[in-house]
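Asks: Okay, so here is work-v1.cif, and as you'll see once you scroll down, it has mmCIF, C-alpha atoms and all ligand atoms.
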```
data_protein
loop_
_atom_site.label_atom_id
_atom_site.label_comp_id
_atom_site.auth_asym_id
_atom_site.auth_seq_id
_atom_site.Cartn_x
_atom_site.Cartn_y
_atom_site.Cartn_z
CA MET I 9 2.49 27.17 -17.36
CA GLU I 10 -0.74 26.88 -19.28
CA LYS I 11 -0.63 28.21 -22.85
CA VAL I 12 -3.20 29.77 -25.14
CA LEU I 13 -3.13 29.14 -28.89
CA ALA I 14 -3.89 32.00 -31.22
CA ALA I 15 -3.76 32.71 -34.96
CA VAL I 16 -1.62 35.82 -35.36
CA ARG I 17 -1.47 38.09 -38.39
CA VAL I 18 2.28 38.63 -38.73
CA GLY I 19 2.24 40.62 -41.96
CA PRO I 20 0.01 41.38 -44.94
CA GLY I 21 -1.88 38.17 -45.82
CA LYS I 22 0.23 36.07 -43.45
CA THR I 23 -0.88 34.09 -40.40
CA GLU I 24 1.06 32.08 -37.82
CA ILE I 25 -0.20 29.97 -34.93
CA ARG I 26 1.49 31.19 -31.74
CA GLU I 27 1.36 30.37 -28.05
CA PHE I 28 0.72 32.96 -25.39
CA PRO I 29 0.86 32.60 -21.61
CA MET I 30 -2.50 32.13 -19.90
CA PRO I 31 -3.14 35.58 -18.40
CA GLU I 32 -3.42 36.11 -14.70
CA ILE I 33 -6.98 37.16 -13.84
CA LEU I 34 -7.03 39.83 -11.18
CA GLU I 35 -10.03 41.06 -9.17
CA ASP I 36 -11.40 43.39 -11.83
CA SER I 37 -10.81 41.35 -14.98
CA ALA I 38 -12.07 38.16 -16.61
CA LEU I 39 -11.15 35.52 -19.15
CA MET I 40 -13.44 34.40 -21.93
CA LYS I 41 -13.26 31.02 -23.60
CA MET I 42 -13.89 31.68 -27.27
CA GLU I 43 -16.73 29.85 -28.99
CA VAL I 44 -17.29 31.79 -32.19
CA ALA I 45 -15.50 34.67 -33.89
CA GLY I 46 -17.25 36.11 -36.89
CA ILE I 47 -15.19 36.96 -39.96
CA CYS I 48 -16.31 39.94 -41.99
CA GLY I 49 -15.30 42.17 -44.87
CA THR I 50 -13.25 44.31 -42.51
CA ASP I 51 -11.05 41.28 -41.76
CA VAL I 52 -10.49 40.74 -45.47
CA LYS I 53 -9.33 44.34 -45.83
CA LEU I 54 -7.20 44.44 -42.66
CA TYR I 55 -5.61 41.08 -43.49
CA GLN I 56 -4.38 42.21 -46.89
CA THR I 57 -3.48 45.76 -45.88
CA PRO I 58 -2.83 45.91 -42.12
CA PRO I 59 -2.80 49.41 -40.60
CA SER I 60 0.71 48.72 -39.24
CA LYS I 61 2.65 46.12 -41.20
CA ASP I 62 5.11 44.89 -38.59
CA THR I 63 2.77 44.60 -35.62
CA PRO I 64 1.57 41.08 -34.84
CA VAL I 65 -2.18 41.11 -34.28
CA ILE I 66 -4.65 38.45 -33.22
CA MET I 67 -7.58 39.37 -35.43
CA GLY I 68 -11.22 38.59 -34.62
CA HIS I 69 -13.50 41.43 -33.54
CA GLU I 70 -16.94 39.76 -33.44
CA ASN I 71 -16.58 37.55 -30.42
CA ILE I 72 -18.86 35.15 -28.57
CA GLY I 73 -17.83 32.90 -25.70
CA TYR I 74 -18.26 31.73 -22.14
CA ILE I 75 -16.79 33.56 -19.15
CA ALA I 76 -14.21 31.03 -18.00
CA LYS I 77 -12.86 32.99 -15.08
CA ALA I 78 -14.04 36.23 -13.51
CA GLY I 79 -12.53 38.33 -10.74
CA ARG I 80 -14.83 39.20 -7.84
CA GLU I 81 -14.86 42.93 -8.67
CA PHE I 82 -15.53 42.21 -12.33
CA THR I 83 -18.65 40.24 -11.42
CA ARG I 84 -19.78 42.74 -8.80
CA ARG I 85 -19.41 45.79 -11.06
CA LYS I 86 -20.50 44.33 -14.36
CA GLY I 87 -22.95 41.59 -13.45
CA PHE I 88 -21.25 38.84 -15.46
CA LYS I 89 -20.12 35.65 -13.79
CA GLU I 90 -18.32 32.45 -14.71
CA GLY I 91 -20.33 30.29 -17.11
CA ASP I 92 -22.25 33.18 -18.73
CA LEU I 93 -22.50 33.13 -22.52
CA VAL I 94 -21.63 36.61 -23.75
CA PHE I 95 -21.10 38.74 -26.81
CA VAL I 96 -18.16 41.13 -26.42
CA GLU I 97 -18.11 44.36 -28.36
CA HIS I 98 -14.75 45.12 -29.94
CA TYR I 99 -14.55 48.54 -28.32
CA VAL I 100 -12.74 48.81 -25.00
CA MET I 101 -13.88 52.12 -23.57
CA CYS I 102 -12.25 54.51 -21.12
CA GLY I 103 -15.48 55.04 -19.17
CA LYS I 104 -14.51 58.62 -18.39
CA CYS I 105 -14.88 60.74 -21.50
CA GLU I 106 -17.88 62.56 -22.89
CA TRP I 107 -18.58 59.87 -25.48
CA CYS I 108 -18.49 57.10 -22.90
CA HIS I 109 -20.89 59.00 -20.67
CA LEU I 110 -23.22 59.42 -23.63
CA GLY I 111 -23.08 55.66 -24.16
CA GLN I 112 -21.35 56.27 -27.50
CA TYR I 113 -18.10 54.57 -26.55
CA ARG I 114 -17.57 53.57 -30.17
CA HIS I 115 -16.23 57.13 -30.57
CA CYS I 116 -14.04 56.95 -27.43
CA GLU I 117 -10.34 57.76 -27.91
CA ASN I 118 -9.38 54.73 -25.83
CA THR I 119 -10.57 52.44 -28.64
CA ASP I 120 -9.85 54.62 -31.69
CA TRP I 121 -6.89 52.88 -33.36
CA ARG I 122 -6.87 55.36 -36.24
CA PHE I 123 -6.09 58.15 -33.83
CA ASN I 124 -4.50 56.60 -30.77
CA PRO I 125 -1.57 54.17 -31.11
CA ASP I 126 -2.30 52.72 -27.64
CA ALA I 127 -5.97 52.15 -28.37
CA ILE I 128 -7.48 48.85 -27.30
CA ARG I 129 -9.89 47.23 -29.69
CA TYR I 130 -10.39 43.50 -30.08
CA GLY I 131 -8.99 42.32 -33.38
CA TYR I 132 -6.87 45.45 -33.87
CA THR I 133 -4.57 45.85 -30.86
CA SER I 134 -1.02 44.50 -31.02
CA ALA I 135 -0.48 41.02 -29.59
CA GLU I 136 2.71 42.43 -28.07
CA LYS I 137 0.68 44.45 -25.60
CA PRO I 138 0.24 42.40 -22.39
CA PRO I 139 -1.74 40.31 -21.61
CA HIS I 140 -1.69 39.74 -25.39
CA LEU I 141 -5.13 38.17 -25.88
CA TRP I 142 -6.82 41.04 -27.73
CA GLY I 143 -8.43 39.12 -30.57
CA GLY I 144 -11.00 36.39 -31.13
CA PHE I 145 -8.94 34.13 -33.39
CA ALA I 146 -7.64 32.49 -30.23
CA GLN I 147 -8.72 29.97 -27.61
CA TYR I 148 -9.25 32.69 -25.00
CA ILE I 149 -9.53 36.46 -24.85
CA TYR I 150 -8.77 38.74 -21.94
CA LEU I 151 -11.54 40.98 -20.58
CA PRO I 152 -10.49 44.07 -18.62
CA TRP I 153 -13.05 45.92 -16.46
CA ASN I 154 -13.78 48.32 -19.33
CA ALA I 155 -14.75 45.68 -21.92
CA VAL I 156 -18.38 45.97 -23.08
CA LEU I 157 -20.37 42.76 -22.72
CA HIS I 158 -23.88 41.58 -23.54
CA HIS I 159 -25.67 38.52 -22.23
CA VAL I 160 -26.67 36.14 -25.01
CA PRO I 161 -30.38 35.36 -24.48
CA LYS I 162 -31.59 31.82 -23.75
CA GLY I 163 -32.33 29.81 -26.87
CA VAL I 164 -29.60 31.53 -28.89
CA THR I 165 -26.63 29.27 -29.63
CA PRO I 166 -23.10 30.69 -29.77
CA GLU I 167 -23.16 30.18 -33.54
CA LEU I 168 -26.38 32.13 -33.96
CA ALA I 169 -25.13 34.80 -31.57
CA GLY I 170 -22.16 35.16 -33.93
CA LEU I 171 -24.54 37.09 -36.16
CA VAL I 172 -24.91 40.03 -33.77
CA THR I 173 -22.43 42.22 -35.61
CA PRO I 174 -23.27 40.90 -39.09
CA MET I 175 -26.83 42.05 -38.37
CA ALA I 176 -25.39 45.49 -39.09
CA GLN I 177 -24.05 44.34 -42.45
CA GLY I 178 -25.23 43.58 -45.97
CA LEU I 179 -27.68 40.75 -46.17
CA SER I 180 -29.12 41.15 -42.68
CA GLN I 181 -30.31 44.63 -43.65
CA THR I 182 -33.14 42.85 -45.44
CA VAL I 183 -34.40 41.71 -42.04
CA ILE I 184 -33.82 45.12 -40.47
CA CYS I 185 -35.78 46.84 -43.27
CA LYS I 186 -38.59 44.32 -42.94
CA GLN I 187 -38.69 44.80 -39.19
CA ALA I 188 -38.73 48.59 -39.61
CA GLY I 189 -41.81 48.25 -41.80
CA ALA I 190 -40.45 48.78 -45.32
CA SER I 191 -43.18 47.92 -47.82
CA LEU I 192 -40.77 47.17 -50.63
CA ILE I 193 -37.22 45.86 -50.36
CA ILE I 194 -34.89 45.76 -53.35
CA VAL I 195 -31.52 44.04 -52.97
CA THR I 196 -28.79 44.61 -55.54
CA GLY I 197 -25.65 42.55 -55.95
CA THR I 198 -23.20 41.16 -58.46
CA THR I 199 -23.19 37.79 -60.19
CA LYS I 200 -20.89 36.25 -57.59
CA ASP I 201 -23.47 37.13 -54.90
CA GLY I 202 -25.81 34.41 -56.18
CA ALA I 203 -25.93 32.50 -52.88
CA ARG I 204 -26.48 35.70 -50.90
CA MET I 205 -29.29 36.78 -53.21
CA GLU I 206 -31.08 33.48 -52.64
CA VAL I 207 -30.90 33.98 -48.87
CA ALA I 208 -32.02 37.61 -49.27
CA LYS I 209 -35.17 36.28 -50.89
CA THR I 210 -35.83 33.87 -47.99
CA LEU I 211 -35.32 36.75 -45.56
CA GLY I 212 -37.97 38.85 -47.29
CA ALA I 213 -36.48 40.79 -50.22
CA ASP I 214 -39.14 41.61 -52.81
CA HIS I 215 -36.82 42.19 -55.77
CA LEU I 216 -33.30 41.01 -56.50
CA ILE I 217 -31.17 42.76 -59.09
CA ASP I 218 -27.90 41.44 -60.48
CA VAL I 219 -26.22 44.70 -61.53
CA GLN I 220 -23.98 42.84 -63.97
CA LYS I 221 -26.90 41.36 -65.85
CA GLU I 222 -29.36 44.24 -65.97
CA ASP I 223 -29.52 47.99 -65.57
CA PRO I 224 -30.22 48.42 -61.85
CA LEU I 225 -31.53 51.98 -62.08
CA ALA I 226 -34.00 51.10 -64.84
CA ARG I 227 -35.26 48.10 -62.83
CA ILE I 228 -35.59 50.12 -59.61
CA MET I 229 -37.57 52.82 -61.43
CA GLU I 230 -39.75 50.16 -63.02
CA VAL I 231 -40.70 48.50 -59.71
CA THR I 232 -41.28 51.86 -58.00
CA ASP I 233 -43.43 53.28 -60.84
CA GLY I 234 -40.72 55.77 -61.70
CA LYS I 235 -40.70 57.27 -58.21
CA GLY I 236 -37.49 55.83 -56.75
CA VAL I 237 -36.88 54.64 -53.20
CA ASP I 238 -37.05 56.35 -49.80
CA VAL I 239 -33.89 54.93 -48.33
CA VAL I 240 -30.66 53.52 -49.75
CA LEU I 241 -28.23 51.47 -47.67
CA ASP I 242 -24.78 51.01 -49.15
CA CYS I 243 -23.52 47.71 -47.70
CA THR I 244 -20.84 47.10 -50.31
CA ALA I 245 -17.11 46.65 -49.82
CA GLY I 246 -14.56 47.39 -52.51
CA ALA I 247 -17.15 48.34 -55.11
CA GLY I 248 -15.83 51.88 -55.59
CA THR I 249 -18.10 54.84 -56.14
CA PHE I 250 -20.71 52.99 -58.16
CA PRO I 251 -23.07 52.00 -55.31
CA VAL I 252 -23.29 55.57 -54.00
CA LEU I 253 -23.87 56.97 -57.49
CA LEU I 254 -26.59 54.40 -58.09
CA GLY I 255 -28.09 55.20 -54.69
CA VAL I 256 -28.23 58.95 -55.38
CA ASP I 257 -29.99 58.28 -58.69
CA ALA I 258 -32.34 55.67 -57.26
CA LEU I 259 -33.58 57.85 -54.41
CA LYS I 260 -36.98 59.51 -54.74
CA ARG I 261 -37.37 63.01 -56.22
CA LYS I 262 -36.99 64.85 -52.88
CA GLY I 263 -35.95 64.10 -49.33
CA GLY I 264 -34.52 60.60 -49.52
CA THR I 265 -31.85 59.23 -47.20
CA ILE I 266 -28.69 57.36 -48.10
CA VAL I 267 -26.48 55.59 -45.58
CA ILE I 268 -22.85 55.39 -46.68
CA GLN I 269 -19.87 53.56 -45.19
CA GLY I 270 -17.28 53.55 -47.98
CA GLU I 271 -13.66 54.25 -47.14
CA MET I 272 -12.39 55.36 -50.51
CA ALA I 273 -9.84 58.13 -50.05
CA GLU I 274 -11.35 60.07 -52.93
CA PHE I 275 -14.66 60.39 -54.73
CA PRO I 276 -14.00 62.09 -58.06
CA ASN I 277 -16.96 63.92 -59.62
CA PHE I 278 -19.18 63.48 -56.59
CA PRO I 279 -22.66 64.54 -57.78
CA ILE I 280 -23.10 67.26 -55.19
CA ALA I 281 -25.59 69.19 -57.33
CA LYS I 282 -27.88 66.16 -57.53
CA VAL I 283 -27.61 65.58 -53.78
CA THR I 284 -28.47 69.20 -53.05
CA VAL I 285 -31.31 69.50 -55.56
CA LYS I 286 -32.85 66.21 -54.43
CA PHE I 287 -32.54 67.37 -50.79
CA ILE I 288 -30.85 64.09 -49.88
CA THR I 289 -29.76 63.32 -46.33
CA ILE I 290 -26.42 61.49 -46.18
CA LYS I 291 -25.69 59.50 -43.04
CA SER I 292 -22.49 57.66 -42.28
CA ALA I 293 -22.45 54.29 -40.55
CA ARG I 294 -19.69 53.83 -37.93
CA GLY I 295 -19.65 50.72 -35.81
CA HIS I 296 -22.54 49.98 -33.51
CA SER I 297 -24.20 51.22 -30.35
CA TYR I 298 -24.99 49.24 -27.20
CA LYS I 299 -28.66 49.38 -28.13
CA ALA I 300 -28.05 48.09 -31.66
CA CYS I 301 -26.31 45.01 -30.23
CA GLU I 302 -29.18 44.39 -27.81
CA LEU I 303 -31.72 44.74 -30.62
CA ALA I 304 -29.75 42.28 -32.75
CA LEU I 305 -29.66 39.75 -29.90
CA GLN I 306 -33.42 40.12 -29.40
CA GLN I 307 -33.96 39.69 -33.11
CA LEU I 308 -31.94 36.47 -33.06
CA ALA I 309 -33.77 35.25 -29.94
CA SER I 310 -37.17 35.83 -31.60
CA HIS I 311 -36.34 33.26 -34.32
CA ARG I 312 -38.70 35.27 -36.52
CA PHE I 313 -36.41 35.06 -39.52
CA PRO I 314 -34.31 32.06 -40.60
CA LEU I 315 -31.09 33.93 -39.84
CA GLU I 316 -29.17 30.70 -39.29
CA LYS I 317 -29.07 30.50 -43.10
CA VAL I 318 -26.65 33.42 -43.12
CA THR I 319 -23.84 31.43 -41.48
CA THR I 320 -22.79 29.06 -44.22
CA HIS I 321 -19.26 28.05 -43.18
CA THR I 322 -17.22 27.38 -40.06
CA PHE I 323 -13.44 27.10 -39.83
CA GLY I 324 -10.96 26.02 -37.16
CA LEU I 325 -8.05 28.03 -35.75
CA ARG I 326 -5.52 26.55 -38.17
CA ASP I 327 -7.64 27.61 -41.12
CA VAL I 328 -7.81 31.32 -40.36
CA ASP I 329 -5.96 32.21 -43.54
CA LEU I 330 -8.31 30.11 -45.70
CA ALA I 331 -11.33 31.45 -43.81
CA ILE I 332 -10.44 35.10 -44.44
CA ARG I 333 -9.60 34.42 -48.08
CA SER I 334 -12.91 32.60 -48.49
CA VAL I 335 -14.86 35.55 -47.09
CA GLY I 336 -12.97 37.68 -49.62
CA GLY I 337 -14.17 35.39 -52.43
CA LYS I 338 -10.80 33.72 -53.02
CA GLY I 339 -11.02 30.40 -51.17
CA VAL I 340 -13.99 28.15 -50.51
CA PRO I 341 -16.82 29.28 -52.82
CA ASP I 342 -20.28 30.61 -51.86
CA VAL I 343 -19.42 31.81 -48.37
CA ILE I 344 -22.06 34.19 -47.05
CA HIS I 345 -20.94 34.45 -43.44
CA ALA I 346 -18.07 32.48 -41.97
CA SER I 347 -17.48 31.76 -38.30
CA LEU I 348 -14.19 30.84 -36.75
CA MET I 349 -14.49 28.22 -34.03
CA PRO I 350 -11.10 28.14 -32.29
CA TRP I 351 -11.67 24.75 -30.65
CA LYS I 352 -12.87 23.05 -33.83
ZN ZN I 401 -16.80 42.98 -38.54
ZN ZN I 402 -14.18 57.15 -23.29
#
```
Output the structure of this file as structure tokens.
Ligand SMILES: [Zn+2]
Ligand SMILES: [Zn+2]
Replies:
Amino acid sequence: MEKVLAAVRVGPGKTEIREFPMPEILEDSALMKMEVAGICGTDVKLYQTPPSKDTPVIMGHENIGYIAKAGREFTRRKGFKEGDLVFVEHYVMCGKCEWCHLGQYRHCENTDWRFNPDAIRYGYTSAEKPPHLWGGFAQYIYLPWNAVLHHVPKGVTPELAGLVTPMAQGLSQTVICKQAGASLIIVTGTTKDGARMEVAKTLGADHLIDVQKEDPLARIMEVTDGKGVDVVLDCTAGAGTFPVLLGVDALKRKGGTIVIQGEMAEFPNFPIAKVTVKFITIKSARGHSYKACELALQQLASHRFPLEKVTTHTFGLRDVDLAIRSVGGKGVPDVIHASLMPWK
């Protein structure tokens, strides 16, 4: 019987290469041959502190590949056939609930691992659940009828397409702000973000601030003539409450917007008075919509920005551990975005 190799997280910070049986592809399912799995800050966090310690999980939730095999019903219903290059969202929806009907399947119970122990989400679901291939750090992944797929446009390589989800993260926000028409873009970071800051500049940032070398608030006020900024995007991971506090202070006098995505359990001394008096709108970022993925693919296909500079490193299946540690700043230095290429 044909086997599929996968890198499995078997405990906190521990990976093993394991073999799984090649799944049987029925009428309404498909098999994807993995080309690129993006590795992001979420992987760093989930690798060190898995939500359930004893469950083996094939990580990898930002997945690009070719449809290797597709059942007839799968192709008829979904419009994807063998040979298509696709980006697979990590949500596997139920297709029946209110959220799914609204197109907001990111909120669907069927994929909400925090709430539902049987949830299916690529990179999160137990490798013990048949047909096992629920993560991108593997040679193949299994696609049930309710997986959400996008065609990768012509002229976009699998490696470039690997940036679809990272387009929602940190550095790529420079491009998003530019595209949305921001007249001034300020990017803050720490000293170890040197390589990222350089790329931010190439992507269109007007000012770069190393918060460890200078007072970020003073600099922001200086470049905005004391007025502050309209919008703050917190794209940090593991930086505590500081970025939000800085954001609240850096926003303009009235009516600014801050997008937050921190997962700290507590926020002592949250400056609620300042938020209220400044009439600040707080928005939370949770995953991505179908439209956001399509926009990201179009952005990549336009080749308007040198986004290929964001992917700095690629790793093979046997180097998953090193790859995740490197993204977390503890392996290979100066990684901005790392891609896992399971066949490398
Ligand atoms: Zn991610
Ligand atoms: Zn649903």
Asks: Kindly provide, as a short mmCIF file (atom, residue, chain, number, x, y, z; two decimals) with C-alpha atoms, in the frame of the given file, all nucleotide and amino acid residues lying within 6 Å of ligand ZN 402 (chain I), counting only C-alpha atoms and all ligand atoms.
Replies:
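Written file, selection-v5.cif:
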```cif
data_model
loop_
_atom_site.label_atom_id
_atom_site.label_comp_id
_atom_site.auth_asym_id
_atom_site.auth_seq_id
_atom_site.Cartn_x
_atom_site.Cartn_y
_atom_site.Cartn_z
CA MET I 101 -13.88 52.12 -23.57
CA CYS I 102 -12.25 54.51 -21.12
CA GLY I 103 -15.48 55.04 -19.17
CA LYS I 104 -14.51 58.62 -18.39
CA CYS I 105 -14.88 60.74 -21.50
CA TRP I 107 -18.58 59.87 -25.48
CA CYS I 108 -18.49 57.10 -22.90
CA TYR I 113 -18.10 54.57 -26.55
CA CYS I 116 -14.04 56.95 -27.43
CA ASN I 118 -9.38 54.73 -25.83
#
```
Asks: Looking at I:Lys200, I:Lys77, I:Lys235, I:His69, which one is nearest to ligand ZN 401 (chain I), with distances taken over all atoms listed in the file?
Replies: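 Ranking I:Lys200, I:Lys77, I:Lys235, I:His69 by distance to ligand ZN 401 (chain I), first place goes to I:His69.
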Asks: Need the neighbours of (-19.5, 51.2, -28.3): which residues are at most 8 Å away, counting all atoms listed in the file, as a PyMOL selection string?
Replies: chain I and resi 97-101+111-116+156+295-298
Asks: Can you pull out the residues contacting region 128-139 of chain I? Cut-off 7 Å, using all atoms listed in the file, and skip same-chain residues under 2 positions away; I want them as a ChimeraX atom specification.
Replies: /I:31,63-69,98-100,118-119,126,141-144
Asks: For the interface of chain I with ligand ZN 401 (chain I) (cut-off 8 Å, counting all atoms listed in the file), please tabulate each contacting residue of chain I alongside its nearest pair of atoms and their separation in Å to one decimal, rows sorted by chain and increasing number, as JSON lines.
Replies:
```
{"residue": "I:Gly46", "atom": "CA", "partner": "I:ZN401", "partner_atom": "ZN", "distance": 7.1}
{"residue": "I:Ile47", "atom": "CA", "partner": "I:ZN401", "partner_atom": "ZN", "distance": 6.4}
{"residue": "I:Cys48", "atom": "CA", "partner": "I:ZN401", "partner_atom": "ZN", "distance": 4.6}
{"residue": "I:Gly49", "atom": "CA", "partner": "I:ZN401", "partner_atom": "ZN", "distance": 6.6}
{"residue": "I:Thr50", "atom": "CA", "partner": "I:ZN401", "partner_atom": "ZN", "distance": 5.5}
{"residue": "I:Asp51", "atom": "CA", "partner": "I:ZN401", "partner_atom": "ZN", "distance": 6.8}
{"residue": "I:His69", "atom": "CA", "partner": "I:ZN401", "partner_atom": "ZN", "distance": 6.2}
{"residue": "I:Glu70", "atom": "CA", "partner": "I:ZN401", "partner_atom": "ZN", "distance": 6.0}
{"residue": "I:Thr173", "atom": "CA", "partner": "I:ZN401", "partner_atom": "ZN", "distance": 6.4}
{"residue": "I:Pro174", "atom": "CA", "partner": "I:ZN401", "partner_atom": "ZN", "distance": 6.8}
```
Asks: Using all atoms listed in the file, find the one residue out of I:Gly212, I:Pro341, I:Pro58, I:Gly91 that sits nearest to Gln181 (chain I).
Replies: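 Using all atoms listed in the file, the shortest distance to Gln181 (chain I) belongs to I:Gly212.
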Asks: Let me make sure I understand: among I:Cys301, I:Ala208, I:Leu157, I:Ala146, which one has the smallest atom-to-atom distance to Ala176 (chain I) if we use all atoms listed in the file?
Replies: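 Smallest separation from Ala176 (chain I) among the options: I:Cys301.
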Asks: So the first atom is CA of Tyr150 (chain I) and the second is CA of Ser180 (chain I); what is the distance between them in Å, to one decimal place?
Replies: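 Computed distance, CA of Tyr150 (chain I) to CA of Ser180 (chain I), equals 29.2 Å.
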Asks: Determine the nearest neighbour of Phe82 (chain I) from the options I:Ile280, I:Ala245, I:Leu308, I:Leu151, counting all atoms listed in the file.
Replies: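 Among I:Ile280, I:Ala245, I:Leu308, I:Leu151, it is I:Leu151 that comes nearest to Phe82 (chain I).
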Asks: Quick one: of I:Phe287, I:Phe95, I:Tyr148, I:Phe250, who's nearest to Val172 (chain I), counting only C-alpha atoms?
Replies: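 Between I:Phe287, I:Phe95, I:Tyr148, I:Phe250, the residue approaching Val172 (chain I) most closely is I:Phe95.
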Asks: Could you check how far CA of Asn154 (chain I) sits from CA of Val16 (chain I), in Å to one decimal?
Replies: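 Going from CA of Asn154 (chain I) over to CA of Val16 (chain I), I get 23.7 Å.
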Asks: Compare I:Gly246, I:Gly87, I:Gly19, I:Gly170 by their minimum atom-to-atom distance to Met42 (chain I), counting all atoms listed in the file, and give me the closest one.
Replies: I:Gly170
Asks: Would you compute the distance between CA of Ala309 (chain I) and CA of Leu211 (chain I)? Give it in Å to one decimal.
Replies: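 Separation between CA of Ala309 (chain I) and CA of Leu211 (chain I): 15.8 Å.
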Asks: What lies within 12 Å of Ala190 (chain I) using only C-alpha atoms, ignoring chain neighbours under 4 positions off, as a PyMOL selection string?
Replies: chain I and resi 181-186+194+212-214+237-240
Asks: Write out as an mmCIF file with C-alpha atoms, keeping the file's coordinate frame the residues lying within 8 Å of region 253-268 of chain I, counting all atoms listed in the file and excluding same-chain residues fewer than 3 positions away.
Replies:
```
data_model
loop_
_atom_site.group_PDB
_atom_site.id
_atom_site.type_symbol
_atom_site.label_atom_id
_atom_site.label_comp_id
_atom_site.auth_asym_id
_atom_site.auth_seq_id
_atom_site.Cartn_x
_atom_site.Cartn_y
_atom_site.Cartn_z
ATOM 1 C CA PRO I 224 -30.220 48.420 -61.850
ATOM 2 C CA LEU I 225 -31.530 51.980 -62.080
ATOM 3 C CA ILE I 228 -35.590 50.120 -59.610
ATOM 4 C CA MET I 229 -37.570 52.820 -61.430
ATOM 5 C CA LYS I 235 -40.700 57.270 -58.210
ATOM 6 C CA GLY I 236 -37.490 55.830 -56.750
ATOM 7 C CA VAL I 237 -36.880 54.640 -53.200
ATOM 8 C CA ASP I 238 -37.050 56.350 -49.800
ATOM 9 C CA VAL I 239 -33.890 54.930 -48.330
ATOM 10 C CA VAL I 240 -30.660 53.520 -49.750
ATOM 11 C CA LEU I 241 -28.230 51.470 -47.670
ATOM 12 C CA ASP I 242 -24.780 51.010 -49.150
ATOM 13 C CA CYS I 243 -23.520 47.710 -47.700
ATOM 14 C CA THR I 249 -18.100 54.840 -56.140
ATOM 15 C CA PHE I 250 -20.710 52.990 -58.160
ATOM 16 C CA PRO I 279 -22.660 64.540 -57.780
ATOM 17 C CA LYS I 282 -27.880 66.160 -57.530
ATOM 18 C CA VAL I 283 -27.610 65.580 -53.780
ATOM 19 C CA VAL I 285 -31.310 69.500 -55.560
ATOM 20 C CA LYS I 286 -32.850 66.210 -54.430
ATOM 21 C CA PHE I 287 -32.540 67.370 -50.790
ATOM 22 C CA ILE I 288 -30.850 64.090 -49.880
ATOM 23 C CA THR I 289 -29.760 63.320 -46.330
ATOM 24 C CA ILE I 290 -26.420 61.490 -46.180
ATOM 25 C CA LYS I 291 -25.690 59.500 -43.040
ATOM 26 C CA SER I 292 -22.490 57.660 -42.280
ATOM 27 C CA ALA I 293 -22.450 54.290 -40.550
#
```
